[in-house]
file query.cif (mmCIF, C-alpha atoms)
data_final
#
loop_
_atom_site.label_atom_id
_atom_site.label_comp_id
_atom_site.auth_asym_id
_atom_site.auth_seq_id
_atom_site.Cartn_x
_atom_site.Cartn_y
_atom_site.Cartn_z
CA MET U 1 -31.20 182.62 287.12
CA PRO U 2 -34.55 182.32 288.85
CA LYS U 3 -36.18 185.64 289.74
CA ASP U 4 -35.46 185.43 293.46
CA GLY U 5 -32.00 183.88 292.95
CA LYS U 6 -32.92 180.79 294.95
CA ILE U 7 -32.67 177.25 293.66
CA SER U 8 -33.79 174.38 295.86
CA ASN U 9 -31.26 171.83 297.06
CA SER U 10 -32.82 169.00 295.09
CA VAL U 11 -32.59 171.00 291.86
CA ILE U 12 -28.95 171.87 292.67
CA ARG U 13 -28.19 168.14 293.00
CA ARG U 14 -29.63 167.60 289.51
CA LEU U 15 -27.83 170.54 287.88
CA PRO U 16 -24.61 168.65 287.03
CA ARG U 17 -26.65 165.87 285.50
CA TYR U 18 -28.62 168.26 283.27
CA TYR U 19 -25.34 169.90 282.32
CA ARG U 20 -23.80 166.54 281.41
CA PHE U 21 -26.78 165.27 279.41
CA LEU U 22 -27.11 168.56 277.52
CA GLY U 23 -23.39 168.33 276.69
CA GLU U 24 -23.94 164.85 275.28
CA LEU U 25 -26.83 166.15 273.15
CA GLN U 26 -24.57 168.91 271.82
CA GLU U 27 -21.91 166.32 270.94
CA GLU U 28 -24.57 164.40 269.03
CA GLY U 29 -25.44 167.57 267.12
CA ILE U 30 -28.92 167.88 268.65
CA THR U 31 -29.94 171.54 268.90
CA LYS U 32 -33.37 171.26 270.50
CA ILE U 33 -35.15 168.70 272.62
CA SER U 34 -38.61 168.37 274.13
CA SER U 35 -39.08 167.80 277.85
CA GLY U 36 -40.54 164.39 276.91
CA GLU U 37 -37.42 163.27 275.05
CA LEU U 38 -35.13 164.67 277.73
CA SER U 39 -37.16 162.86 280.39
CA GLN U 40 -36.72 159.54 278.60
CA ARG U 41 -32.96 160.04 278.47
CA MET U 42 -32.64 161.19 282.03
CA LYS U 43 -35.21 158.86 283.63
CA LEU U 44 -37.05 161.78 285.21
CA THR U 45 -40.68 162.65 284.57
CA ALA U 46 -41.34 165.29 281.92
CA SER U 47 -43.19 167.39 284.47
CA GLN U 48 -40.19 167.20 286.85
CA ILE U 49 -37.95 168.42 284.05
CA ARG U 50 -40.31 171.26 283.12
CA GLN U 51 -40.48 172.28 286.75
CA ASP U 52 -36.68 172.16 287.21
CA LEU U 53 -35.87 173.99 284.00
CA ASN U 54 -38.47 176.67 284.60
CA CYS U 55 -36.16 177.78 287.41
CA PHE U 56 -33.55 178.86 284.89
CA GLY U 57 -35.63 181.13 282.65
CA GLY U 58 -37.71 180.82 279.50
CA PHE U 59 -35.81 178.29 277.44
CA GLY U 60 -38.74 175.98 276.88
CA GLN U 61 -41.22 176.96 274.19
CA GLN U 62 -44.54 175.18 273.59
CA GLY U 63 -44.23 173.00 270.49
CA TYR U 64 -40.51 173.74 270.09
CA GLY U 65 -38.79 172.28 273.12
CA TYR U 66 -35.57 173.44 274.74
CA ASN U 67 -32.68 175.07 272.94
CA VAL U 68 -29.88 172.70 273.97
CA SER U 69 -26.90 175.05 273.79
CA GLU U 70 -28.69 178.02 275.39
CA LEU U 71 -30.00 175.89 278.23
CA ARG U 72 -26.59 174.30 278.78
CA ALA U 73 -24.89 177.70 278.80
CA GLU U 74 -27.44 178.97 281.32
CA ILE U 75 -26.93 175.97 283.64
CA GLY U 76 -23.15 176.26 283.20
CA GLY U 77 -23.42 179.91 284.21
CA ILE U 78 -25.34 178.98 287.37
CA ILE U 79 -22.75 176.32 288.28
CA GLY U 80 -19.94 178.68 287.31
CA THR U 81 -18.19 176.48 284.74
CA ASP U 82 -16.65 179.64 283.27
CA LYS U 83 -15.06 180.60 286.60
CA ARG U 84 -11.81 178.56 286.64
CA LEU U 85 -11.45 177.85 290.33
CA ASN U 86 -7.80 177.07 291.06
CA ALA U 87 -7.44 173.69 292.74
CA ILE U 88 -4.61 171.75 294.32
CA LEU U 89 -4.58 168.00 294.91
CA VAL U 90 -2.89 166.44 297.92
CA GLY U 91 -1.97 162.76 297.89
CA ALA U 92 -0.63 161.41 294.59
CA GLY U 93 -1.18 157.71 295.23
CA ASN U 94 -3.27 155.63 292.84
CA LEU U 95 -6.45 157.45 293.74
CA GLY U 96 -4.88 160.91 293.55
CA LYS U 97 -3.28 160.10 290.20
CA ALA U 98 -6.58 158.77 288.88
CA VAL U 99 -8.41 161.90 289.94
CA ALA U 100 -5.69 164.20 288.58
CA LEU U 101 -5.52 162.45 285.22
CA HIS U 102 -9.07 161.13 284.73
CA LEU U 103 -11.13 164.26 285.33
CA ASN U 104 -11.67 167.07 282.87
CA PHE U 105 -11.26 169.89 285.38
CA GLU U 106 -11.78 172.69 282.90
CA ASN U 107 -15.19 171.30 281.93
CA CYS U 108 -16.09 171.54 285.62
CA GLY U 109 -15.02 175.16 286.07
CA CYS U 110 -11.77 174.24 287.80
CA LYS U 111 -8.09 174.21 287.02
CA LEU U 112 -5.66 171.85 288.72
CA ILE U 113 -2.61 173.99 289.43
CA GLY U 114 -0.59 171.75 291.77
CA VAL U 115 -0.25 168.14 292.96
CA PHE U 116 1.47 167.43 296.27
CA ASP U 117 2.63 164.33 298.08
CA SER U 118 4.51 163.69 301.30
CA ASN U 119 6.44 160.73 299.87
CA PRO U 120 9.90 162.07 298.88
CA GLU U 121 10.21 159.36 296.23
CA LEU U 122 7.30 160.92 294.32
CA SER U 123 8.70 164.47 294.38
CA ASN U 124 9.40 165.81 290.90
CA THR U 125 8.00 162.73 289.17
CA PRO U 126 5.78 163.67 286.24
CA ILE U 127 1.99 163.75 286.44
CA GLY U 128 0.08 164.88 283.35
CA ASN U 129 1.82 168.00 282.05
CA GLY U 130 3.34 168.82 285.43
CA LYS U 131 5.31 167.34 288.29
CA ILE U 132 4.38 166.12 291.73
CA LEU U 133 5.61 168.61 294.35
CA SER U 134 6.88 167.88 297.83
CA ILE U 135 4.37 168.67 300.55
CA SER U 136 7.06 170.93 302.05
CA PHE U 137 6.25 173.46 299.29
CA LEU U 138 2.54 173.49 300.15
CA GLU U 139 2.58 176.62 302.25
CA SER U 140 4.69 178.78 299.94
CA PHE U 141 2.74 177.52 296.92
CA CYS U 142 -0.59 178.40 298.49
CA LYS U 143 0.62 181.84 299.55
CA ALA U 144 1.90 182.55 296.03
CA ASN U 145 -0.93 180.99 294.02
CA LYS U 146 -3.94 181.30 296.33
CA PRO U 147 -5.81 178.13 295.28
CA GLN U 148 -9.51 178.19 296.20
CA MET U 149 -10.05 174.45 296.30
CA ALA U 150 -8.23 171.39 297.66
CA ILE U 151 -8.73 167.79 296.56
CA LEU U 152 -7.90 165.38 299.35
CA CYS U 153 -6.70 161.92 298.30
CA ILE U 154 -4.90 161.15 301.53
CA PRO U 155 -5.34 158.55 304.27
CA LYS U 156 -7.85 159.30 306.99
CA GLU U 157 -5.10 159.62 309.61
CA SER U 158 -3.45 162.60 307.90
CA ALA U 159 -6.65 164.38 306.95
CA LYS U 160 -7.48 166.41 310.06
CA GLU U 161 -4.05 168.03 310.41
CA LEU U 162 -3.79 168.77 306.69
CA CYS U 163 -7.27 170.29 306.54
CA ASP U 164 -6.57 172.56 309.48
CA LYS U 165 -3.47 173.77 307.67
CA LEU U 166 -5.28 174.28 304.36
CA VAL U 167 -8.06 176.22 306.07
CA GLU U 168 -5.39 178.36 307.71
CA LEU U 169 -3.89 178.94 304.24
CA GLY U 170 -7.23 180.27 303.04
CA ILE U 171 -8.76 177.28 301.27
CA ARG U 172 -12.52 177.09 301.76
CA SER U 173 -13.57 174.35 299.28
CA PHE U 174 -12.74 170.69 299.70
CA TRP U 175 -13.31 167.73 297.43
CA ASN U 176 -12.73 165.00 299.92
CA PHE U 177 -11.86 161.42 298.94
CA SER U 178 -10.30 160.57 302.30
CA HIS U 179 -12.38 158.54 304.72
CA PHE U 180 -12.25 161.44 307.14
CA ASP U 181 -15.64 163.16 307.28
CA LEU U 182 -14.92 166.86 306.95
CA ASN U 183 -18.38 168.25 307.62
CA PRO U 184 -18.59 167.62 311.33
CA GLU U 185 -15.27 169.41 311.79
CA TYR U 186 -15.91 172.52 309.75
CA GLY U 187 -19.70 172.45 309.53
CA ASP U 188 -20.20 175.85 311.11
CA GLU U 189 -17.71 177.84 309.10
CA ASP U 190 -17.83 179.28 305.62
CA ILE U 191 -16.43 176.07 304.18
CA VAL U 192 -17.94 173.91 301.46
CA VAL U 193 -17.23 170.20 301.23
CA GLU U 194 -18.12 167.50 298.76
CA ASN U 195 -17.32 164.12 300.28
CA VAL U 196 -16.83 161.20 297.89
CA HIS U 197 -17.23 157.96 299.80
CA LEU U 198 -16.61 155.26 297.22
CA GLY U 199 -17.13 152.59 299.87
CA ASP U 200 -20.66 153.87 300.52
CA SER U 201 -21.39 153.56 296.82
CA LEU U 202 -20.13 149.96 296.73
CA LEU U 203 -22.15 149.11 299.84
CA THR U 204 -25.25 150.53 298.18
CA LEU U 205 -24.64 148.32 295.15
CA ALA U 206 -24.10 145.31 297.42
CA TYR U 207 -27.44 146.07 299.11
CA LYS U 208 -29.20 146.41 295.76
CA THR U 209 -27.61 143.19 294.51
CA ASN U 210 -28.52 141.19 297.60
CA ASN U 211 -32.04 142.61 297.90
CA ARG U 212 -33.34 142.90 294.36
CA MET B 1 -35.14 143.42 309.42
CA PRO B 2 -38.32 145.49 309.68
CA LYS B 3 -41.48 143.44 310.17
CA ASP B 4 -42.77 143.83 306.61
CA GLY B 5 -39.27 143.52 305.09
CA LYS B 6 -39.55 146.93 303.42
CA ILE B 7 -37.05 149.74 303.88
CA SER B 8 -37.66 153.08 302.19
CA ASN B 9 -35.26 154.30 299.52
CA SER B 10 -34.08 157.22 301.59
CA VAL B 11 -33.18 154.92 304.48
CA ILE B 12 -31.35 152.61 302.05
CA ARG B 13 -29.25 155.55 300.87
CA ARG B 14 -28.26 156.22 304.50
CA LEU B 15 -27.48 152.57 305.36
CA PRO B 16 -23.84 152.63 304.20
CA ARG B 17 -23.25 155.81 306.18
CA TYR B 18 -24.64 154.31 309.38
CA TYR B 19 -22.56 151.23 308.76
CA ARG B 20 -19.41 153.33 308.27
CA PHE B 21 -19.96 155.53 311.31
CA LEU B 22 -20.76 152.56 313.54
CA GLY B 23 -17.54 150.91 312.32
CA GLU B 24 -15.60 154.03 313.33
CA LEU B 25 -17.22 153.93 316.78
CA GLN B 26 -16.17 150.29 317.12
CA GLU B 27 -12.60 151.20 316.17
CA GLU B 28 -12.67 153.85 318.87
CA GLY B 29 -13.80 151.23 321.37
CA ILE B 30 -17.24 152.78 321.89
CA THR B 31 -19.80 150.08 322.71
CA LYS B 32 -22.98 152.13 323.08
CA ILE B 33 -24.15 155.50 321.81
CA SER B 34 -27.28 157.60 322.25
CA SER B 35 -29.23 158.82 319.26
CA GLY B 36 -28.24 162.34 320.33
CA GLU B 37 -24.51 161.62 320.19
CA LEU B 38 -24.86 159.71 316.92
CA SER B 39 -26.86 162.59 315.45
CA GLN B 40 -24.08 165.05 316.30
CA ARG B 41 -21.52 162.85 314.55
CA MET B 42 -23.64 162.19 311.51
CA LYS B 43 -25.24 165.61 311.17
CA LEU B 44 -28.72 164.14 311.15
CA THR B 45 -31.44 164.98 313.66
CA ALA B 46 -31.79 162.61 316.61
CA SER B 47 -35.42 161.98 315.65
CA GLN B 48 -34.36 161.09 312.09
CA ILE B 49 -31.88 158.59 313.50
CA ARG B 50 -34.43 157.07 315.88
CA GLN B 51 -36.88 156.76 313.01
CA ASP B 52 -34.30 155.16 310.69
CA LEU B 53 -32.92 152.73 313.26
CA ASN B 54 -36.36 151.69 314.43
CA CYS B 55 -36.63 150.03 311.01
CA PHE B 56 -33.95 147.53 311.98
CA GLY B 57 -35.34 146.20 315.24
CA GLY B 58 -35.12 147.02 318.92
CA PHE B 59 -31.52 148.04 319.37
CA GLY B 60 -32.29 151.35 321.01
CA GLN B 61 -33.20 151.31 324.69
CA GLN B 62 -34.47 154.32 326.63
CA GLY B 63 -31.66 155.65 328.85
CA TYR B 64 -29.10 153.23 327.38
CA GLY B 65 -28.71 154.12 323.74
CA TYR B 66 -27.73 151.84 320.89
CA ASN B 67 -25.48 148.82 321.18
CA VAL B 68 -22.88 149.73 318.53
CA SER B 69 -21.72 146.26 317.49
CA GLU B 70 -25.21 144.71 317.45
CA LEU B 71 -26.61 147.58 315.42
CA ARG B 72 -23.69 147.47 312.99
CA ALA B 73 -24.06 143.71 312.56
CA GLU B 74 -27.78 144.12 311.89
CA ILE B 75 -27.20 146.83 309.27
CA GLY B 76 -24.37 144.77 307.77
CA GLY B 77 -26.77 141.85 307.53
CA ILE B 78 -29.33 143.97 305.68
CA ILE B 79 -26.69 145.24 303.23
CA GLY B 80 -25.25 141.74 302.95
CA THR B 81 -21.66 142.48 303.95
CA ASP B 82 -21.27 138.79 304.85
CA LYS B 83 -22.25 137.68 301.34
CA ARG B 84 -18.96 137.95 299.39
CA LEU B 85 -20.23 138.93 295.97
CA ASN B 86 -17.60 138.03 293.39
CA ALA B 87 -16.62 141.03 291.30
CA ILE B 88 -14.46 141.65 288.26
CA LEU B 89 -13.01 145.00 287.24
CA VAL B 90 -12.59 145.99 283.61
CA GLY B 91 -10.20 148.77 282.66
CA ALA B 92 -6.94 148.90 284.60
CA GLY B 93 -5.92 152.48 283.82
CA ASN B 94 -5.27 154.95 286.63
CA LEU B 95 -8.89 154.94 287.75
CA GLY B 96 -9.25 151.15 287.58
CA LYS B 97 -6.03 150.68 289.50
CA ALA B 98 -7.12 153.19 292.12
CA VAL B 99 -10.46 151.42 292.58
CA ALA B 100 -8.84 147.97 292.66
CA LEU B 101 -6.21 148.97 295.20
CA HIS B 102 -7.91 151.68 297.24
CA LEU B 103 -11.16 150.00 298.19
CA ASN B 104 -11.62 147.46 300.95
CA PHE B 105 -13.89 145.13 299.00
CA GLU B 106 -14.31 142.58 301.76
CA ASN B 107 -15.65 145.25 304.11
CA CYS B 108 -18.28 145.97 301.48
CA GLY B 109 -19.41 142.36 301.05
CA CYS B 110 -17.51 141.89 297.80
CA LYS B 111 -14.41 140.12 296.58
CA LEU B 112 -12.42 141.29 293.58
CA ILE B 113 -11.57 138.09 291.70
CA GLY B 114 -10.25 139.45 288.39
CA VAL B 115 -8.95 142.60 286.72
CA PHE B 116 -9.04 142.89 282.92
CA ASP B 117 -7.67 145.31 280.37
CA SER B 118 -7.66 145.44 276.58
CA ASN B 119 -4.16 146.94 276.43
CA PRO B 120 -1.77 144.03 275.69
CA GLU B 121 1.06 145.90 277.43
CA LEU B 122 -0.79 145.61 280.72
CA SER B 123 -1.44 141.86 280.45
CA ASN B 124 0.19 139.90 283.24
CA THR B 125 1.47 143.02 285.00
CA PRO B 126 0.90 142.82 288.76
CA ILE B 127 -1.97 144.52 290.53
CA GLY B 128 -2.32 144.00 294.28
CA ASN B 129 -1.84 140.30 294.92
CA GLY B 130 -2.82 139.32 291.38
CA LYS B 131 -2.16 140.09 287.75
CA ILE B 132 -4.02 142.07 285.13
CA LEU B 133 -5.60 139.68 282.62
CA SER B 134 -6.09 140.21 278.91
CA ILE B 135 -9.67 141.04 277.96
CA SER B 136 -9.54 138.02 275.64
CA PHE B 137 -9.90 135.81 278.73
CA LEU B 138 -13.04 137.62 279.90
CA GLU B 139 -15.53 135.13 278.50
CA SER B 140 -13.83 131.96 279.70
CA PHE B 141 -13.12 133.54 283.09
CA CYS B 142 -16.76 134.54 283.57
CA LYS B 143 -17.99 131.11 282.51
CA ALA B 144 -15.62 129.41 284.95
CA ASN B 145 -15.94 131.79 287.90
CA LYS B 146 -19.43 133.26 287.49
CA PRO B 147 -18.79 136.74 288.92
CA GLN B 148 -21.95 138.53 290.02
CA MET B 149 -20.69 142.07 289.71
CA ALA B 150 -18.62 144.09 287.22
CA ILE B 151 -16.77 147.32 287.92
CA LEU B 152 -16.46 149.42 284.80
CA CYS B 153 -13.46 151.75 284.60
CA ILE B 154 -13.43 152.03 280.84
CA PRO B 155 -13.93 154.89 278.38
CA LYS B 156 -17.49 155.77 277.46
CA GLU B 157 -16.98 154.60 273.87
CA SER B 158 -16.30 150.98 274.88
CA ALA B 159 -18.97 150.76 277.57
CA LYS B 160 -22.08 149.81 275.61
CA GLU B 161 -20.51 146.86 273.80
CA LEU B 162 -18.78 145.57 276.93
CA CYS B 163 -21.94 145.82 279.03
CA ASP B 164 -23.96 143.93 276.47
CA LYS B 165 -21.36 141.18 276.61
CA LEU B 166 -21.24 141.11 280.42
CA VAL B 167 -25.02 140.95 280.63
CA GLU B 168 -24.90 138.06 278.15
CA LEU B 169 -22.34 136.39 280.42
CA GLY B 170 -24.75 136.59 283.33
CA ILE B 171 -23.57 139.68 285.21
CA ARG B 172 -26.45 141.66 286.69
CA SER B 173 -24.70 144.20 288.95
CA PHE B 174 -22.61 147.07 287.68
CA TRP B 175 -20.50 149.61 289.51
CA ASN B 176 -20.08 152.08 286.71
CA PHE B 177 -17.29 154.67 286.62
CA SER B 178 -17.47 155.15 282.85
CA HIS B 179 -19.27 158.24 281.58
CA PHE B 180 -21.76 155.98 279.85
CA ASP B 181 -25.09 156.07 281.68
CA LEU B 182 -26.12 152.45 282.09
CA ASN B 183 -29.61 152.91 283.48
CA PRO B 184 -31.37 154.09 280.32
CA GLU B 185 -30.02 151.04 278.49
CA TYR B 186 -30.89 148.33 280.97
CA GLY B 187 -33.50 150.12 283.07
CA ASP B 188 -36.23 147.57 282.44
CA GLU B 189 -34.31 144.39 283.17
CA ASP B 190 -33.29 142.73 286.40
CA ILE B 191 -30.06 144.68 286.47
CA VAL B 192 -28.78 146.91 289.25
CA VAL B 193 -26.42 149.78 288.59
CA GLU B 194 -24.57 152.22 290.77
CA ASN B 195 -23.20 155.02 288.62
CA VAL B 196 -20.28 157.03 289.99
CA HIS B 197 -20.03 160.31 288.14
CA LEU B 198 -17.02 162.03 289.64
CA GLY B 199 -17.51 164.97 287.29
CA ASP B 200 -21.00 165.58 288.72
CA SER B 201 -19.51 165.68 292.19
CA LEU B 202 -16.87 168.24 291.14
CA LEU B 203 -19.53 170.35 289.39
CA THR B 204 -21.60 170.30 292.60
CA LEU B 205 -18.58 171.55 294.55
CA ALA B 206 -17.96 174.24 291.92
CA TYR B 207 -21.59 175.35 292.29
CA LYS B 208 -21.33 175.43 296.07
CA THR B 209 -18.03 177.35 295.89
CA ASN B 210 -19.34 179.93 293.45
CA ASN B 211 -22.71 180.35 295.17
CA ARG B 212 -21.99 180.19 298.90
#
call {"tool": "encode", "arguments": {"input": "query.cif", "output": "structure tokens"}}
result
Amino acid sequence: MPKDGKISNSVIRRLPRYYRFLGELQEEGITKISSGELSQRMKLTASQIRQDLNCFGGFGQQGYGYNVSELRAEIGGIIGTDKRLNAILVGAGNLGKAVALHLNFENCGCKLIGVFDSNPELSNTPIGNGKILSISFLESFCKANKPQMAILCIPKESAKELCDKLVELGIRSFWNFSHFDLNPEYGDEDIVVENVHLGDSLLTLAYKTNNR
Amino acid sequence: MPKDGKISNSVIRRLPRYYRFLGELQEEGITKISSGELSQRMKLTASQIRQDLNCFGGFGQQGYGYNVSELRAEIGGIIGTDKRLNAILVGAGNLGKAVALHLNFENCGCKLIGVFDSNPELSNTPIGNGKILSISFLESFCKANKPQMAILCIPKESAKELCDKLVELGIRSFWNFSHFDLNPEYGDEDIVVENVHLGDSLLTLAYKTNNR
């Protein structure tokens, strides 16, 4: 950790990317890398990388480069990938299923402990190693298992009511795939939100395609 | 469009969000909005919003506010939401299905004209209003239909080879959900890429949760 414990927002946004690239280097059996090589891979300037990584302690050494596994462990520690945050997912449609089955939660410091849906036809159908639970069990499940995080893969219309309930049940972290923008609602409380607006991403690509 | 035709990168990143919020205002029947009200909704400062929207022409009027539908149409025109870029999607697993079925492509200036998968068991199975096609038809389909955009929902291992092929077939826009980072490969050519790294987003939420 940096001496004063503070990391700037822009460095925070880059942390997952460093963590991912360093993981790829490990998979390739690379044990050390210079800031120059890392900058080529990550399309950042070498000086940017040196500046960023200096925040996390003395892993760079003149003429040696960075120790890949030590640096990755340090960044993982800052993110908290060893923490195992218990997460539930609500909304087991195509998107919810994709998120539940596609992501490696444990690599991201999380564990998916329950998947819920309001459609009775989906109740008890298998998903991964578990089963989809009826939304009617949400409250008792949360009281018994105290998840810290909720993943919202529900339509916009249902989002506000569900979020209010989840906040009431003690959940303070939301990974939000619904089109409902959580921040304006809960912006002033101790609640963290990561909104994923896939449509915004597609619109950005459309802009880039039409204006290149 | 701004007089010199140039919009800064940071404004471009905000364009889809303006477009989305203005669409929500339209749905709510709101025809005009002040920069102050818009700033409260979007969690940007009013001066930031005035600065951004001044780029797009004279839609703001002292004491009146912004005309919602005119401003949205202008921003849509800049993004190119009227353009109908033809897109194909490769990889019809859970994630590919979710993307194909969950997104409103037409609202984003795109049209999904084909979905492909290499798994023979998926060939000819229905998806939305169409059918999943065998990857063996990819080349003839692209030659006949000339899609401009490809959506990659495939494993990292298959990505490099497929992208090379798609580039060869004339595709220059990629919406990339695979864990393969396209930019370093094609960074120097006339190719635009929007990478969606869901894992990075979850890691960011884990960081925020562990460090709030």
call {"tool": "residues_around", "arguments": {"input": "query.cif", "residues": "Asn145 of chain U", "least_positions_apart": "4", "cutoff": "10 Å", "atoms": "all atoms listed in the file", "output": "list in words"}}
result
Asn86, Ala87, Ile88, Ile113, Gly114, Glu139, Ser140 and Phe141 of chain U
call {"tool": "closest_atom_pairs", "arguments": {"input": "query.cif", "of": "chain B", "to": "chain U", "cutoff": "6 Å", "atoms": "only C-alpha atoms", "output": "Markdown table"}}
result
| residue | atom | partner | partner_atom | distance |
| --- | --- | --- | --- | --- |
| B:Pro16 | CA | U:Asp200 | CA | 5.0 |
| B:Ile79 | CA | U:Tyr207 | CA | 4.3 |
| B:Asn94 | CA | U:Ala98 | CA | 4.6 |
| B:Leu95 | CA | U:Ala98 | CA | 4.6 |
| B:Ala98 | CA | U:Leu95 | CA | 4.6 |
| B:Cys108 | CA | U:Leu203 | CA | 5.2 |
| B:Glu194 | CA | U:Leu205 | CA | 5.9 |
| B:Asp200 | CA | U:Pro16 | CA | 5.0 |
| B:Leu203 | CA | U:Cys108 | CA | 5.2 |
| B:Leu205 | CA | U:Glu194 | CA | 5.9 |
| B:Tyr207 | CA | U:Ile79 | CA | 4.3 |
call {"tool": "atom_distance", "arguments": {"input": "query.cif", "atom1": "atom CA of Val167 of chain B", "atom2": "atom CA of Gly128 of chain B"}}
result
26.7 Å
call {"tool": "closest_residue", "arguments": {"input": "query.cif", "among": "B:Val115, B:Leu22, B:Cys153, B:Leu182", "to": "Ile75 of chain B", "atoms": "all atoms listed in the file"}}
result
B:Leu22
call {"tool": "atom_distance", "arguments": {"input": "query.cif", "atom1": "atom CA of Pro147 of chain B", "atom2": "atom CA of Val90 of chain B"}}
result
12.3 Å
call {"tool": "atom_distance", "arguments": {"input": "query.cif", "atom1": "atom CA of Asn54 of chain B", "atom2": "atom CA of Gln26 of chain B"}}
result
20.4 Å
call {"tool": "decode", "arguments": {"input": "query.cif", "residues": "segment 171-185 of chain B", "atoms": "N, CA, C and O atoms", "output": "mmCIF file, in the first residue's frame"}}
result
data_model
loop_
_atom_site.group_PDB
_atom_site.id
_atom_site.type_symbol
_atom_site.label_atom_id
_atom_site.label_comp_id
_atom_site.auth_asym_id
_atom_site.auth_seq_id
_atom_site.Cartn_x
_atom_site.Cartn_y
_atom_site.Cartn_z
ATOM 1 N N ILE B 171 -14.194 -6.728 -41.810
ATOM 2 C CA ILE B 171 -14.796 -6.143 -40.608
ATOM 3 C C ILE B 171 -13.764 -5.279 -39.888
ATOM 4 O O ILE B 171 -12.623 -5.678 -39.711
ATOM 5 N N ARG B 172 -14.199 -4.073 -39.506
ATOM 6 C CA ARG B 172 -13.262 -3.105 -38.920
ATOM 7 C C ARG B 172 -13.717 -2.607 -37.550
ATOM 8 O O ARG B 172 -13.083 -1.746 -36.967
ATOM 9 N N SER B 173 -14.858 -3.125 -37.062
ATOM 10 C CA SER B 173 -15.366 -2.714 -35.752
ATOM 11 C C SER B 173 -15.638 -3.946 -34.906
ATOM 12 O O SER B 173 -16.332 -4.864 -35.364
ATOM 13 N N PHE B 174 -15.119 -3.941 -33.701
ATOM 14 C CA PHE B 174 -15.268 -5.109 -32.839
ATOM 15 C C PHE B 174 -15.786 -4.715 -31.467
ATOM 16 O O PHE B 174 -15.253 -3.819 -30.820
ATOM 17 N N TRP B 175 -16.856 -5.394 -31.069
ATOM 18 C CA TRP B 175 -17.337 -5.283 -29.688
ATOM 19 C C TRP B 175 -16.891 -6.573 -29.024
ATOM 20 O O TRP B 175 -17.422 -7.654 -29.303
ATOM 21 N N ASN B 176 -15.905 -6.456 -28.167
ATOM 22 C CA ASN B 176 -15.152 -7.619 -27.730
ATOM 23 C C ASN B 176 -15.429 -8.004 -26.280
ATOM 24 O O ASN B 176 -15.009 -7.323 -25.357
ATOM 25 N N PHE B 177 -16.138 -9.116 -26.100
ATOM 26 C CA PHE B 177 -16.400 -9.648 -24.757
ATOM 27 C C PHE B 177 -15.435 -10.776 -24.399
ATOM 28 O O PHE B 177 -15.514 -11.305 -23.293
ATOM 29 N N SER B 178 -14.589 -11.188 -25.325
ATOM 30 C CA SER B 178 -13.637 -12.252 -25.003
ATOM 31 C C SER B 178 -12.557 -11.663 -24.104
ATOM 32 O O SER B 178 -12.404 -10.453 -24.027
ATOM 33 N N HIS B 179 -11.815 -12.491 -23.416
ATOM 34 C CA HIS B 179 -10.757 -11.954 -22.550
ATOM 35 C C HIS B 179 -9.492 -11.626 -23.325
ATOM 36 O O HIS B 179 -8.490 -11.227 -22.754
ATOM 37 N N PHE B 180 -9.549 -11.788 -24.616
ATOM 38 C CA PHE B 180 -8.421 -11.460 -25.485
ATOM 39 C C PHE B 180 -8.442 -9.951 -25.727
ATOM 40 O O PHE B 180 -9.477 -9.390 -26.090
ATOM 41 N N ASP B 181 -7.311 -9.291 -25.458
ATOM 42 C CA ASP B 181 -7.281 -7.835 -25.639
ATOM 43 C C ASP B 181 -6.944 -7.515 -27.090
ATOM 44 O O ASP B 181 -5.835 -7.721 -27.543
ATOM 45 N N LEU B 182 -7.948 -7.026 -27.810
ATOM 46 C CA LEU B 182 -7.740 -6.789 -29.244
ATOM 47 C C LEU B 182 -6.773 -5.644 -29.536
ATOM 48 O O LEU B 182 -5.989 -5.722 -30.470
ATOM 49 N N ASN B 183 -6.845 -4.590 -28.780
ATOM 50 C CA ASN B 183 -6.100 -3.378 -29.153
ATOM 51 C C ASN B 183 -4.628 -3.596 -29.463
ATOM 52 O O ASN B 183 -4.143 -3.092 -30.470
ATOM 53 N N PRO B 184 -3.888 -4.333 -28.594
ATOM 54 C CA PRO B 184 -2.465 -4.457 -28.886
ATOM 55 C C PRO B 184 -2.216 -5.117 -30.235
ATOM 56 O O PRO B 184 -1.219 -4.848 -30.894
ATOM 57 N N GLU B 185 -3.146 -5.975 -30.674
ATOM 58 C CA GLU B 185 -2.950 -6.677 -31.939
ATOM 59 C C GLU B 185 -3.192 -5.772 -33.151
ATOM 60 O O GLU B 185 -2.459 -5.797 -34.111
#
